[in-house]
>>> print(open('start_34.cif').read())   # mmCIF, C-alpha atoms
data_work
#
loop_
_atom_site.label_atom_id
_atom_site.label_comp_id
_atom_site.auth_asym_id
_atom_site.auth_seq_id
_atom_site.Cartn_x
_atom_site.Cartn_y
_atom_site.Cartn_z
CA MET Y 1 39.60 -95.10 39.66
CA HIS Y 2 36.17 -96.09 38.39
CA SER Y 3 35.73 -96.44 34.64
CA LEU Y 4 33.01 -94.46 32.91
CA SER Y 5 29.78 -96.29 32.12
CA SER Y 6 28.92 -96.67 28.46
CA ALA Y 7 26.28 -93.93 28.83
CA ASP Y 8 28.73 -91.53 30.46
CA SER Y 9 31.34 -92.36 27.84
CA ARG Y 10 28.89 -91.60 25.03
CA LYS Y 11 27.97 -88.26 26.59
CA GLU Y 12 31.66 -87.35 26.93
CA HIS Y 13 32.12 -88.25 23.27
CA GLU Y 14 29.24 -85.95 22.35
CA ARG Y 15 30.65 -83.05 24.37
CA ALA Y 16 34.07 -83.55 22.77
CA HIS Y 17 32.42 -83.76 19.37
CA GLY Y 18 30.61 -80.49 20.06
CA LYS Y 19 33.95 -78.81 20.76
CA PHE Y 20 35.27 -80.16 17.45
CA LEU Y 21 32.16 -79.05 15.53
CA ALA Y 22 31.60 -75.60 17.03
CA PRO Y 23 33.84 -73.50 14.73
CA ARG Y 24 32.45 -74.98 11.48
CA ALA Y 25 29.38 -77.03 12.37
CA LEU Y 26 27.16 -75.87 9.51
CA GLU Y 27 29.85 -76.74 6.96
CA ILE Y 28 30.40 -80.21 8.44
CA TRP Y 29 26.67 -80.91 8.68
CA GLY Y 30 26.10 -79.74 5.10
CA TRP Y 31 23.72 -76.88 5.92
CA SER Y 32 25.93 -74.13 4.46
CA THR Y 33 25.59 -75.10 0.77
CA ALA Y 34 22.77 -73.85 -1.44
CA ALA Y 35 21.19 -77.32 -1.43
CA GLY Y 36 21.78 -77.62 2.30
CA LYS Y 37 19.86 -74.41 2.92
CA GLU Y 38 16.94 -75.69 0.84
CA ARG Y 39 16.99 -78.97 2.78
CA ALA Y 40 17.01 -77.07 6.08
CA ARG Y 41 13.98 -74.98 5.20
CA ARG Y 42 11.95 -77.96 4.03
CA ARG Y 43 12.97 -79.95 7.11
CA THR Y 44 11.96 -77.06 9.37
CA ASN Y 45 8.53 -76.88 7.75
CA LEU Y 46 7.99 -80.64 8.09
CA ILE Y 47 8.95 -80.65 11.77
CA LEU Y 48 6.63 -77.73 12.46
CA GLU Y 49 3.81 -79.40 10.51
CA TYR Y 50 4.17 -82.74 12.27
CA ALA Y 51 4.38 -81.01 15.68
CA ARG Y 52 1.12 -79.08 15.01
CA ILE Y 53 3.06 -75.98 15.93
CA GLN Y 54 0.15 -73.65 15.10
CA ASN Y 55 -1.45 -74.81 18.37
CA CYS Y 56 1.71 -74.27 20.45
CA THR Y 57 3.10 -71.50 22.62
CA CYS Y 58 5.92 -73.04 24.67
CA VAL Y 59 8.16 -75.52 22.81
CA LEU Y 60 11.24 -77.54 23.75
CA GLU Y 61 13.92 -78.23 21.14
CA TYR Y 62 16.26 -81.18 21.66
CA GLY Y 63 19.85 -80.95 20.37
CA CYS Y 64 19.79 -77.38 19.09
CA GLY Y 65 23.49 -77.32 18.17
CA THR Y 66 24.48 -73.86 16.93
CA GLY Y 67 20.85 -72.73 16.85
CA MET Y 68 20.29 -72.62 13.09
CA PHE Y 69 17.04 -74.57 13.27
CA SER Y 70 16.11 -72.85 16.53
CA ARG Y 71 16.01 -69.52 14.74
CA PHE Y 72 13.89 -71.00 11.96
CA PHE Y 73 11.47 -72.50 14.50
CA ALA Y 74 11.31 -69.21 16.41
CA GLU Y 75 10.10 -67.35 13.29
CA THR Y 76 6.65 -68.79 14.07
CA GLY Y 77 6.50 -66.67 17.24
CA ILE Y 78 6.67 -69.56 19.71
CA THR Y 79 8.60 -69.33 22.95
CA LEU Y 80 11.42 -71.82 22.42
CA THR Y 81 13.67 -73.49 24.97
CA ALA Y 82 16.59 -74.86 22.94
CA ILE Y 83 18.93 -77.31 24.65
CA ASP Y 84 22.13 -79.18 23.81
CA ILE Y 85 24.59 -81.28 25.82
CA SER Y 86 27.55 -79.40 24.31
CA PRO Y 87 28.57 -76.14 26.04
CA ASP Y 88 30.63 -75.22 22.98
CA LEU Y 89 27.66 -75.49 20.62
CA ILE Y 90 25.46 -73.52 23.02
CA ASP Y 91 28.15 -70.81 23.12
CA GLU Y 92 27.94 -70.63 19.32
CA ALA Y 93 24.14 -70.52 19.41
CA GLN Y 94 24.14 -67.64 21.88
CA LYS Y 95 26.16 -65.48 19.49
CA GLU Y 96 22.90 -64.85 17.56
CA PRO Y 97 20.29 -64.32 20.31
CA LYS Y 98 16.57 -63.96 19.71
CA ALA Y 99 14.11 -62.65 22.27
CA ASN Y 100 11.88 -65.75 22.10
CA ILE Y 101 14.68 -68.36 22.35
CA THR Y 102 16.39 -69.50 25.54
CA PHE Y 103 19.53 -71.52 24.84
CA GLN Y 104 20.84 -73.74 27.62
CA VAL Y 105 23.08 -76.72 28.25
CA ALA Y 106 21.00 -79.75 29.20
CA ASP Y 107 20.92 -83.54 28.84
CA VAL Y 108 17.85 -84.82 26.95
CA GLU Y 109 18.08 -88.09 28.89
CA SER Y 110 17.64 -86.32 32.23
CA LEU Y 111 15.67 -83.09 32.03
CA SER Y 112 15.12 -80.66 34.89
CA PHE Y 113 11.76 -79.42 33.56
CA ALA Y 114 8.50 -80.20 35.35
CA ASP Y 115 6.00 -82.71 34.02
CA ALA Y 116 3.70 -81.45 31.23
CA SER Y 117 5.70 -78.24 30.72
CA PHE Y 118 5.66 -77.96 26.92
CA ASP Y 119 3.17 -77.79 24.05
CA ALA Y 120 5.59 -79.65 21.75
CA VAL Y 121 9.01 -81.30 21.79
CA ILE Y 122 10.92 -81.08 18.52
CA GLY Y 123 14.40 -81.67 17.13
CA ASN Y 124 16.57 -82.16 14.10
CA SER Y 125 19.09 -85.02 13.87
CA VAL Y 126 19.46 -85.54 17.60
CA LEU Y 127 17.78 -88.80 18.69
CA HIS Y 128 20.36 -90.89 16.84
CA HIS Y 129 23.06 -89.42 19.11
CA VAL Y 130 21.45 -90.43 22.41
CA ASP Y 131 19.77 -93.23 24.32
CA VAL Y 132 16.59 -92.91 22.29
CA GLU Y 133 14.36 -94.73 24.76
CA GLN Y 134 15.43 -92.50 27.64
CA ALA Y 135 15.22 -89.34 25.52
CA LEU Y 136 11.71 -90.22 24.34
CA SER Y 137 10.67 -91.11 27.89
CA GLU Y 138 11.72 -87.65 29.03
CA ALA Y 139 9.98 -86.03 26.06
CA PHE Y 140 6.79 -87.89 26.98
CA ARG Y 141 7.08 -86.73 30.59
CA VAL Y 142 7.56 -83.01 29.88
CA LEU Y 143 4.99 -82.90 27.05
CA LYS Y 144 1.44 -81.78 27.81
CA PRO Y 145 -1.30 -84.41 27.25
CA GLY Y 146 -2.76 -84.36 23.76
CA ARG Y 147 0.34 -82.68 22.31
CA PHE Y 148 2.90 -83.87 19.75
CA ILE Y 149 6.59 -84.50 19.34
CA ALA Y 150 8.31 -84.28 15.93
CA PHE Y 151 11.86 -85.12 14.89
CA ALA Y 152 13.85 -85.48 11.67
CA GLU Y 153 16.43 -88.27 11.80
CA PRO Y 154 18.80 -90.09 9.40
CA ASN Y 155 17.38 -93.12 7.60
CA MET Y 156 19.42 -96.31 7.88
CA MET Y 157 17.89 -97.58 4.64
CA ASN Y 158 19.74 -94.90 2.70
CA PRO Y 159 22.96 -96.42 1.27
CA GLN Y 160 25.23 -93.49 2.16
CA ILE Y 161 23.80 -93.25 5.67
CA ALA Y 162 24.20 -97.02 6.21
CA LEU Y 163 27.87 -96.89 5.21
CA GLN Y 164 28.56 -93.68 7.09
CA LYS Y 165 27.06 -94.87 10.38
CA ASN Y 166 28.60 -98.36 10.34
CA ILE Y 167 32.16 -97.91 9.05
CA PRO Y 168 34.27 -96.15 11.72
CA SER Y 169 36.82 -94.68 9.30
CA LEU Y 170 34.08 -93.24 7.10
CA LYS Y 171 32.22 -92.01 10.16
CA ARG Y 172 35.29 -90.02 11.23
CA LYS Y 173 35.86 -88.68 7.71
CA MET Y 174 32.26 -87.45 7.46
CA GLY Y 175 32.46 -85.67 10.82
CA ASP Y 176 30.18 -88.00 12.82
CA SER Y 177 30.53 -88.62 16.53
CA PRO Y 178 31.78 -92.11 17.50
CA ASP Y 179 28.48 -93.42 18.89
CA GLU Y 180 25.85 -91.96 16.60
CA THR Y 181 23.71 -94.23 14.46
CA ALA Y 182 20.53 -93.99 12.31
CA PHE Y 183 17.05 -95.51 12.36
CA PHE Y 184 15.00 -97.85 10.25
CA ARG Y 185 11.43 -96.60 9.78
CA TRP Y 186 9.84 -99.53 11.60
CA GLN Y 187 12.37 -99.20 14.42
CA ALA Y 188 11.62 -95.52 14.98
CA ALA Y 189 7.88 -96.27 15.09
CA ARG Y 190 8.47 -98.99 17.65
CA PHE Y 191 10.50 -96.67 19.89
CA LEU Y 192 7.69 -94.10 19.79
CA ARG Y 193 4.97 -96.61 20.66
CA GLN Y 194 7.03 -98.19 23.44
CA SER Y 195 7.47 -94.74 24.98
CA GLY Y 196 3.68 -94.31 25.17
CA PHE Y 197 3.01 -92.18 22.09
CA THR Y 198 -0.04 -92.74 19.91
CA ASP Y 199 -0.93 -91.46 16.42
CA VAL Y 200 2.60 -92.45 15.43
CA ARG Y 201 3.80 -91.36 11.99
CA VAL Y 202 7.20 -92.12 10.44
CA GLN Y 203 7.80 -91.15 6.82
CA PRO Y 204 10.95 -91.24 4.66
CA PHE Y 205 11.85 -87.98 2.92
CA ASP Y 206 14.71 -86.03 1.34
CA PHE Y 207 16.58 -87.02 -1.80
CA LEU Y 208 18.34 -83.64 -2.09
CA HIS Y 209 22.02 -84.11 -1.24
CA PRO Y 210 23.92 -81.08 0.15
CA SER Y 211 26.46 -81.32 -2.70
CA ILE Y 212 23.89 -80.80 -5.49
CA PRO Y 213 24.84 -77.69 -7.55
CA GLN Y 214 22.48 -74.74 -7.24
CA LYS Y 215 21.35 -74.91 -10.88
CA MET Y 216 20.14 -78.50 -10.35
CA ILE Y 217 18.34 -78.02 -7.03
CA SER Y 218 14.84 -77.45 -8.42
CA THR Y 219 15.07 -80.46 -10.74
CA VAL Y 220 16.37 -82.76 -8.01
CA GLN Y 221 13.73 -81.49 -5.58
CA ARG Y 222 10.92 -82.27 -8.00
CA LEU Y 223 12.34 -85.69 -8.78
CA GLY Y 224 12.86 -86.42 -5.09
CA GLU Y 225 9.30 -85.49 -4.19
CA CYS Y 226 8.05 -87.83 -6.92
CA ILE Y 227 10.18 -90.67 -5.55
CA GLU Y 228 8.83 -89.98 -2.05
CA SER Y 229 5.39 -90.96 -3.32
CA LEU Y 230 6.56 -94.37 -4.62
CA PRO Y 231 5.99 -97.22 -2.13
CA LEU Y 232 9.35 -98.98 -2.42
CA LEU Y 233 11.80 -96.36 -3.63
CA LYS Y 234 10.83 -93.84 -0.95
CA GLU Y 235 12.30 -96.16 1.69
CA PHE Y 236 15.81 -95.17 0.51
CA ALA Y 237 15.39 -91.46 1.25
CA GLY Y 238 18.07 -89.80 3.34
CA SER Y 239 15.90 -88.93 6.32
CA LEU Y 240 12.85 -89.85 8.37
CA ILE Y 241 10.26 -87.46 9.76
CA LEU Y 242 8.61 -88.93 12.83
CA SER Y 243 5.94 -87.83 15.24
CA GLY Y 244 3.66 -89.06 17.99
CA ARG Y 245 1.02 -87.73 20.37
CA LYS Y 246 0.88 -88.00 24.14
CA PRO Y 247 -2.59 -89.34 25.02
CA GLU Y 248 -5.01 -87.11 26.93
#
>>> encode(input="start_34.cif", output="structure tokens")
Amino acid sequence: MHSLSSADSRKEHERAHGKFLAPRALEIWGWSTAAGKERARRRTNLILEYARIQNCTCVLEYGCGTGMFSRFFAETGITLTAIDISPDLIDEAQKEPKANITFQVADVESLSFADASFDAVIGNSVLHHVDVEQALSEAFRVLKPGRFIAFAEPNMMNPQIALQKNIPSLKRKMGDSPDETAFFRWQAARFLRQSGFTDVRVQPFDFLHPSIPQKMISTVQRLGECIESLPLLKEFAGSLILSGRKPE
């Protein structure tokens, strides 16, 4: 019997993790709290802004999970193809269908779509689960020339993220998959440039933790946005927003 390659093993881990997540994914990911919902809306808006979504019609979403962000993205009126490697998460997503979203099981490292098929490629917290170089290579291939990708990803400079992604016992406790990681800002920029993207932008954002009580959300949001403007302190934000353009 042949052993699985490391890539195949990671994909099996992700499918198994999807089965574990499916019944309560939003709770595990922190999107179900009042602060989590505020974070999700802001994150959606940033991804759409960085992807120049106002110029888009046909968009591909990587790692759609249960489709929460897909439905937010689809509110803009785009035609969205939302993919995930987990059949269980796609089953959950399809429980709330929308006319302008197609949910399907697919591997972001090996897409079946034709070259230059999409006006944008977007995603939330997905690249840190996969072979980022292969996933970005595929995004570059299926993206139309002159168009943008945009992703929100965890920031390895954030103390909680660094501990969570590097200590196996804590990773399990927090509901992470075994192989997922996070990115440093400079590292994410390098991956984008190596994949052929230009106009690369990577910015730290998000100091609003999902556990913040509702009565403190506005105060923490204002404080967080102030910190995001400070050259050194902003580096410790919880997330990165990153984008790049495929040259004409």
>>> atom_distance(input="start_34.cif", atom1="CA of Ala51 in chain Y", atom2="CA of Ser239 in chain Y")
16.8 Å
>>> closest_residue(input="start_34.cif", among="Y:Ala116, Y:Cys56, Y:Leu127, Y:Ile101", to="Pro154 in chain Y", atoms="only C-alpha atoms")
Y:Leu127
>>> closest_residue(input="start_34.cif", among="Y:Asp131, Y:Glu14, Y:Glu96, Y:Glu38", to="His209 in chain Y", atoms="only C-alpha atoms")
Y:Glu38
>>> residues_near_point(input="start_34.cif", point="(10.3, -77.2, 5.5)", cutoff="12 Å", atoms="all atoms listed in the file", output="list in words")
Gly36, Lys37, Glu38, Arg39, Ala40, Arg41, Arg42, Arg43, Thr44, Asn45, Leu46, Ile47, Leu48, Glu49, Tyr50, Phe69, Phe72, Phe73, Asn124, Ala152, Phe205, Asp206 and Ile241 of chain Y
>>> residues_around(input="start_34.cif", residues="range 228-232 of chain Y", least_positions_apart="5", cutoff="10 Å", atoms="all atoms listed in the file", output="list in words")
Gln203, Pro204, Phe205, Asp206, Phe207, Arg222, Leu223 and Ala237 of chain Y
>>> write_last_selection(input="start_34.cif", atoms="C-alpha atoms", output="short mmCIF file (atom, residue, chain, number, x, y, z; two decimals), keeping the file's coordinate frame")
data_model
loop_
_atom_site.label_atom_id
_atom_site.label_comp_id
_atom_site.auth_asym_id
_atom_site.auth_seq_id
_atom_site.Cartn_x
_atom_site.Cartn_y
_atom_site.Cartn_z
CA GLN Y 203 7.80 -91.15 6.82
CA PRO Y 204 10.95 -91.24 4.66
CA PHE Y 205 11.85 -87.98 2.92
CA ASP Y 206 14.71 -86.03 1.34
CA PHE Y 207 16.58 -87.02 -1.80
CA ARG Y 222 10.92 -82.27 -8.00
CA LEU Y 223 12.34 -85.69 -8.78
CA ALA Y 237 15.39 -91.46 1.25
#
>>> closest_atom_pairs(input="start_34.cif", of="range 175-219 of chain Y", to="range 155-166 of chain Y", cutoff="9 Å", atoms="only C-alpha atoms", output="tab-separated table")
residue	atom	partner	partner_atom	distance
Y:Asp176	CA	Y:Lys165	CA	7.9
Y:Pro178	CA	Y:Lys165	CA	9.0
Y:Asp179	CA	Y:Lys165	CA	8.7
Y:Glu180	CA	Y:Lys165	CA	7.0
Y:Thr181	CA	Y:Lys165	CA	5.3
Y:Ala182	CA	Y:Met156	CA	5.1
Y:Phe183	CA	Y:Met156	CA	5.1
Y:Phe184	CA	Y:Met156	CA	5.2
Y:Arg185	CA	Y:Asn155	CA	7.2
Y:Pro204	CA	Y:Asn155	CA	7.3
Y:Phe205	CA	Y:Asn155	CA	8.9
>>> residues_near_point(input="start_34.cif", point="(28.2, -72.6, 20.0)", cutoff="12 Å", atoms="only C-alpha atoms", output="ChimeraX atom specification")
/Y:15,17-26,63-68,83-97,103-105
